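Engineer: The following block contains the structure, expressed as C-alpha cells.
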Amino acid sequence: MRQQLLQYVAELDAEDLPAYLYDLQDLREHAAAVRATLPERVQLFYAAKANSDPRLLDVLRDHVDGFEVASGGELHHIRTTCPGTPVAFGGPGKTPNELEQALQAGVDRLHIESEQELRLLTALLGERTVDVLLRVNLPIDLGPVALAMGGRPSPFGLDPGHLDRCLALIADDPRIRLRGVHVHLASGLDAAAHLDLADQVLTWARDWANRNGVELTEVNLGGGMGVDYTRPDRRFDWAAYGTGLRRLLEGHPDLTLRIEPGRSVTVYCGWYVTEVLDIKRSHGHPFAVLRGGTHHLRTPAAKQHDQPFTVIPDGTWDRPWERPRAEDEPVTLVGQLCTPKDVLASGVQAGRLHAGDRIAFALAGAYAWNISHHEFLMHPTPQFHHLDHVPVPAGPRP
Ligand SMILES: Cc1ncc(COP(=O)(O)O)c(C=O)c1O
C-alpha cells in the first residue's frame with residue numbers, strides 16, 4: 001500500500017470505518033499500462049460487472065475501447081455515466097425488454113447465447129439492424145482453473161453442435177450481421193494459459209468459418225485474466241500476453257480481437273479498510289473481530305480464499321483494561337455477522353495485532369462491494385473514498 005494511503009487510513013475516524021478506498025491514480029496508471037501492451041488489432045473492453053463505480057468508469061473510459069455489460073441495468077448505467085462509449089451486451093438469460101433496450105441503445109455488439117435468444121431478437125428487430133457475435137462453449141480442456149464457465153456443461157453460450165441452426169437463421173435475416181464469435185471460458189488464467197486458449201479458439205474459429213462460408217472478422221476472447229490473491233504485488237503478465245497476441249494475429253491478418261477483462265483491471269485499485277474491534281480466544285485460537293465483514297467484502301467467502309491485508313497499527317489505547325491482542329500467531333479475521341461464514345482470512349499471520357489497529361484489505365476493487373449481501377444484519381454501509389493524487393503529508397522542512 002502506498003505510504004500516502006497508509007497515512008490517509010490512519011487518519012480516518014474509527015466511526016467512519018469500514019470504508020472503501022479507490023486509488024484512482026493507480027487505476028489510471030494500470031489501465032494505461034495494460035492498453036500499451038496490446039497490439040493495434042486488439043480492442044480492450046472493460047467488463048463492468050467487476051466494478052461499475054462511476055468514478056472508476058470515468059477513469060477507464062479514456063483507456064478502453066468500450067464496456068461489456070451483462071444486464072439492462074448495467075447497460076443503462078454505462079449509457080448514463082459514460083455516454084457515447086461503445087457497449088457490448090453479453091450474458092445469459094436476456095429478457096425481451098433487455099433485448100429491446102439493447103436495440104434502442106444501439107449497442108456495438110450483442111453476444112448471442114442461445115437459439116431462443118436469436119429468435120427473440122429476430123422477432124423484435126423490425127426495420128433495425130444489429131451486429132452480433134455467437135458465444136460458443138468450446139470443448140477445450142482448461143485444466144484446474146479458478147472459475148470455469150465453459151469447456152464443460154454450462155449455461156453459458158452455445159454448444160458448437162447448435163451453431164448450424166443459428167447460422168441458418170442468420171443467413172435468412174439480412175438485419176443480423178454476424179461479425180464472429182465470442183468465447184469466455186474461465187476466470188483466473190495466467191498469460192501462458194490464456195494465450196494457449198486463444199490459439200485453440202482462433203484455430204477452431206477459422207476452421208469453422210471456412211467450413212460454413214462465414215466471413216469471420218472478429219473474435220472476442222473474453223476476460224478471466226488471473227489475479228493471484230496470495231501475491232497481491234504480482235499482476236497478470238500483460239506484456240507477455242500482448243506479445244503473444246501480436247504473434248497469433250500474424251496468422252490471422254483479417255481478424256480483430258477483443259478482450260473483456262474485469263477483475264484484472266480494477267481489483268488492485270480497491271481497498272476495504274476497517275478496524276479491529278476485539279480479539280478473543282476460542283478453544284485456544286485467536287479471532288480478530290472487525291467492523292464490517294463479508295456483507296461488504298464477499299470476495300473471500302465467494303472465492304474461498306484469505307483476503308490479503310496490511311495491518312496499520314494504532315498506538316493509542318485509553319481504556320482502563322488490558323488491550324486485547326494476538327502476538328505472532330495464526331489469527332482468524334472475522335466480521336460482525338452472525339454466521340461462521342463471515343471470515344475474511346483464516347489462520348493467517350498478522351504479526352502483532354491489537355484491538356484498535358486498522359486493517360486494509362487489498363485487492364478489493366473487483367467483485368467486492370458489488371457482489372456482497374449489504375442488507376444482511378443492517379450494519380451501516382461503508383463510506384467510499386476516491387483518492388486521486390493523494391496529497392503527500394507535509395513533512396519536516398529541509
Ligand atoms: C462473458 C464475460 N466476459 C467477461 C467477464 C469478466 O471476467 P473477469 O472479471 O474474470 O476478467 C465475465 C465474468 O464473469 C464474463 O462472464
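FYI, nothing fancy with the C-alpha cells labels: chains A, B, ... in order, residues from 1 per chain, ligands from 1 as they appear.
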DSSP on the backbone, helix (DSSP H, G or I) only: what residues of region 53-156 of chain A does that give? Format it as a PyMOL selection string.
Structural biologist: chain A and resi 54-60+72-81+96-105+115-125
Engineer: Output N, CA and C atoms for every residue in that selection, as an mmCIF file, in the first residue's frame.
Structural biologist:
```cif
data_model
loop_
_atom_site.group_PDB
_atom_site.id
_atom_site.type_symbol
_atom_site.label_atom_id
_atom_site.label_comp_id
_atom_site.auth_asym_id
_atom_site.auth_seq_id
_atom_site.Cartn_x
_atom_site.Cartn_y
_atom_site.Cartn_z
ATOM 1 N N PRO A 54 -19.079 4.680 -10.747
ATOM 2 C CA PRO A 54 -18.978 5.695 -11.809
ATOM 3 C C PRO A 54 -17.615 6.386 -11.888
ATOM 4 N N ARG A 55 -16.977 6.598 -10.747
ATOM 5 C CA ARG A 55 -15.682 7.285 -10.793
ATOM 6 C C ARG A 55 -14.610 6.384 -11.428
ATOM 7 N N LEU A 56 -14.739 5.078 -11.206
ATOM 8 C CA LEU A 56 -13.789 4.153 -11.843
ATOM 9 C C LEU A 56 -14.034 4.106 -13.356
ATOM 10 N N LEU A 57 -15.313 4.064 -13.705
ATOM 11 C CA LEU A 57 -15.642 4.032 -15.141
ATOM 12 C C LEU A 57 -15.137 5.289 -15.835
ATOM 13 N N ASP A 58 -15.241 6.410 -15.123
ATOM 14 C CA ASP A 58 -14.815 7.679 -15.703
ATOM 15 C C ASP A 58 -13.304 7.678 -15.977
ATOM 16 N N VAL A 59 -12.545 7.032 -15.098
ATOM 17 C CA VAL A 59 -11.099 6.896 -15.344
ATOM 18 C C VAL A 59 -10.864 5.954 -16.526
ATOM 19 N N LEU A 60 -11.594 4.844 -16.520
ATOM 20 C CA LEU A 60 -11.325 3.795 -17.509
ATOM 21 C C LEU A 60 -11.702 4.192 -18.932
ATOM 22 N N GLY A 72 -29.661 -5.241 -18.468
ATOM 23 C CA GLY A 72 -30.235 -3.949 -18.831
ATOM 24 C C GLY A 72 -29.806 -2.871 -17.845
ATOM 25 N N GLY A 73 -29.685 -3.258 -16.573
ATOM 26 C CA GLY A 73 -29.259 -2.296 -15.548
ATOM 27 C C GLY A 73 -27.854 -1.772 -15.837
ATOM 28 N N GLU A 74 -26.944 -2.671 -16.159
ATOM 29 C CA GLU A 74 -25.573 -2.227 -16.476
ATOM 30 C C GLU A 74 -25.550 -1.381 -17.747
ATOM 31 N N LEU A 75 -26.379 -1.778 -18.704
ATOM 32 C CA LEU A 75 -26.423 -1.014 -19.956
ATOM 33 C C LEU A 75 -26.876 0.426 -19.681
ATOM 34 N N HIS A 76 -27.936 0.556 -18.899
ATOM 35 C CA HIS A 76 -28.452 1.888 -18.561
ATOM 36 C C HIS A 76 -27.381 2.692 -17.800
ATOM 37 N N HIS A 77 -26.735 2.033 -16.867
ATOM 38 C CA HIS A 77 -25.705 2.687 -16.046
ATOM 39 C C HIS A 77 -24.568 3.222 -16.922
ATOM 40 N N ILE A 78 -24.112 2.395 -17.836
ATOM 41 C CA ILE A 78 -22.994 2.824 -18.689
ATOM 42 C C ILE A 78 -23.446 3.948 -19.620
ATOM 43 N N ARG A 79 -24.631 3.809 -20.150
ATOM 44 C CA ARG A 79 -25.121 4.843 -21.065
ATOM 45 C C ARG A 79 -25.246 6.197 -20.353
ATOM 46 N N THR A 80 -25.609 6.164 -19.056
ATOM 47 C CA THR A 80 -25.771 7.451 -18.351
ATOM 48 C C THR A 80 -24.446 7.963 -17.797
ATOM 49 N N THR A 81 -23.550 7.073 -17.380
ATOM 50 C CA THR A 81 -22.281 7.556 -16.805
ATOM 51 C C THR A 81 -21.236 7.827 -17.886
ATOM 52 N N PRO A 96 -36.831 -10.160 -23.139
ATOM 53 C CA PRO A 96 -37.239 -9.365 -24.304
ATOM 54 C C PRO A 96 -37.039 -7.869 -24.064
ATOM 55 N N ASN A 97 -37.343 -7.403 -22.863
ATOM 56 C CA ASN A 97 -37.151 -5.974 -22.569
ATOM 57 C C ASN A 97 -35.689 -5.569 -22.686
ATOM 58 N N GLU A 98 -34.817 -6.421 -22.206
ATOM 59 C CA GLU A 98 -33.379 -6.091 -22.276
ATOM 60 C C GLU A 98 -32.896 -6.081 -23.725
ATOM 61 N N LEU A 99 -33.396 -7.026 -24.513
ATOM 62 C CA LEU A 99 -33.000 -7.042 -25.932
ATOM 63 C C LEU A 99 -33.499 -5.767 -26.623
ATOM 64 N N GLU A 100 -34.729 -5.375 -26.308
ATOM 65 C CA GLU A 100 -35.287 -4.151 -26.892
ATOM 66 C C GLU A 100 -34.451 -2.938 -26.454
ATOM 67 N N GLN A 101 -34.089 -2.934 -25.172
ATOM 68 C CA GLN A 101 -33.260 -1.841 -24.644
ATOM 69 C C GLN A 101 -31.916 -1.772 -25.385
ATOM 70 N N ALA A 102 -31.343 -2.959 -25.640
ATOM 71 C CA ALA A 102 -30.056 -3.008 -26.355
ATOM 72 C C ALA A 102 -30.202 -2.447 -27.762
ATOM 73 N N LEU A 103 -31.316 -2.799 -28.403
ATOM 74 C CA LEU A 103 -31.531 -2.307 -29.772
ATOM 75 C C LEU A 103 -31.731 -0.796 -29.776
ATOM 76 N N GLN A 104 -32.505 -0.316 -28.809
ATOM 77 C CA GLN A 104 -32.738 1.135 -28.747
ATOM 78 C C GLN A 104 -31.462 1.892 -28.418
ATOM 79 N N ALA A 105 -30.621 1.271 -27.591
ATOM 80 C CA ALA A 105 -29.363 1.940 -27.207
ATOM 81 C C ALA A 105 -28.335 1.863 -28.334
ATOM 82 N N GLU A 115 -30.173 -20.214 -29.226
ATOM 83 C CA GLU A 115 -31.066 -20.093 -30.389
ATOM 84 C C GLU A 115 -32.329 -19.331 -30.001
ATOM 85 N N GLN A 116 -32.831 -19.598 -28.798
ATOM 86 C CA GLN A 116 -34.035 -18.898 -28.311
ATOM 87 C C GLN A 116 -33.790 -17.385 -28.302
ATOM 88 N N GLU A 117 -32.619 -16.990 -27.843
ATOM 89 C CA GLU A 117 -32.311 -15.553 -27.785
ATOM 90 C C GLU A 117 -32.272 -14.945 -29.196
ATOM 91 N N LEU A 118 -31.694 -15.717 -30.124
ATOM 92 C CA LEU A 118 -31.610 -15.246 -31.506
ATOM 93 C C LEU A 118 -33.020 -15.094 -32.103
ATOM 94 N N ARG A 119 -33.884 -16.039 -31.813
ATOM 95 C CA ARG A 119 -35.261 -15.970 -32.333
ATOM 96 C C ARG A 119 -35.993 -14.767 -31.742
ATOM 97 N N LEU A 120 -35.801 -14.548 -30.436
ATOM 98 C CA LEU A 120 -36.415 -13.373 -29.795
ATOM 99 C C LEU A 120 -35.951 -12.091 -30.481
ATOM 100 N N LEU A 121 -34.660 -12.058 -30.767
ATOM 101 C CA LEU A 121 -34.082 -10.877 -31.412
ATOM 102 C C LEU A 121 -34.740 -10.630 -32.775
ATOM 103 N N THR A 122 -34.863 -11.696 -33.549
ATOM 104 C CA THR A 122 -35.464 -11.518 -34.886
ATOM 105 C C THR A 122 -36.903 -11.009 -34.763
ATOM 106 N N ALA A 123 -37.593 -11.442 -33.697
ATOM 107 C CA ALA A 123 -38.986 -11.010 -33.513
ATOM 108 C C ALA A 123 -39.064 -9.531 -33.134
ATOM 109 N N LEU A 124 -38.001 -9.018 -32.525
ATOM 110 C CA LEU A 124 -38.029 -7.633 -32.028
ATOM 111 C C LEU A 124 -37.458 -6.616 -33.006
ATOM 112 N N LEU A 125 -36.662 -7.097 -33.958
ATOM 113 C CA LEU A 125 -35.831 -6.170 -34.752
ATOM 114 C C LEU A 125 -36.617 -5.140 -35.561
#
```
Engineer: Any residue with an atom at most 7 Å from ligand 1 counts, using only C-alpha atoms and all ligand atoms. Which are they? Put them as a short mmCIF file (atom, residue, chain, number, x, y, z; two decimals) with C-alpha atoms, in the first residue's frame.
Structural biologist:
```
data_model
loop_
_atom_site.label_atom_id
_atom_site.label_comp_id
_atom_site.auth_asym_id
_atom_site.auth_seq_id
_atom_site.Cartn_x
_atom_site.Cartn_y
_atom_site.Cartn_z
CA ALA A 47 -16.37 -5.93 -18.06
CA ALA A 50 -16.35 -6.39 -11.92
CA GLY A 90 -23.48 -10.21 -23.27
CA GLY A 91 -24.70 -12.57 -20.59
CA HIS A 184 -15.32 -16.65 -22.26
CA SER A 187 -11.50 -16.86 -14.85
CA GLY A 188 -8.10 -16.99 -13.26
CA GLY A 222 -13.45 -12.83 -23.09
CA GLY A 223 -11.92 -11.91 -19.78
CA GLY A 224 -10.61 -14.11 -16.99
CA MET A 225 -7.06 -12.76 -16.77
CA GLU A 260 -13.12 -8.02 -21.96
CA PRO A 261 -11.28 -8.32 -18.64
CA GLY A 262 -12.88 -7.10 -15.43
CA ARG A 263 -11.16 -8.35 -12.29
CA SER A 264 -7.60 -7.85 -13.52
#
```
Engineer: Report the distance between CA of Ala171 (chain A) and CA of Asp65 (chain A) in Å, rounded to one decimal place.
Structural biologist: 28.9 Å
Engineer: Would you give me, as a PyMOL selection string, the residues in region 119-321 of chain A that DSSP reads as strand (DSSP E)?
Structural biologist: chain A and resi 130-135+147-148+176-182+186-187+218-220+256-259+270-282+285-290+309-312
Engineer: Figure out the distance between CA of Leu255 (chain A) and CA of Ala239 (chain A), please, to one decimal in Å.
Structural biologist: 20.7 Å
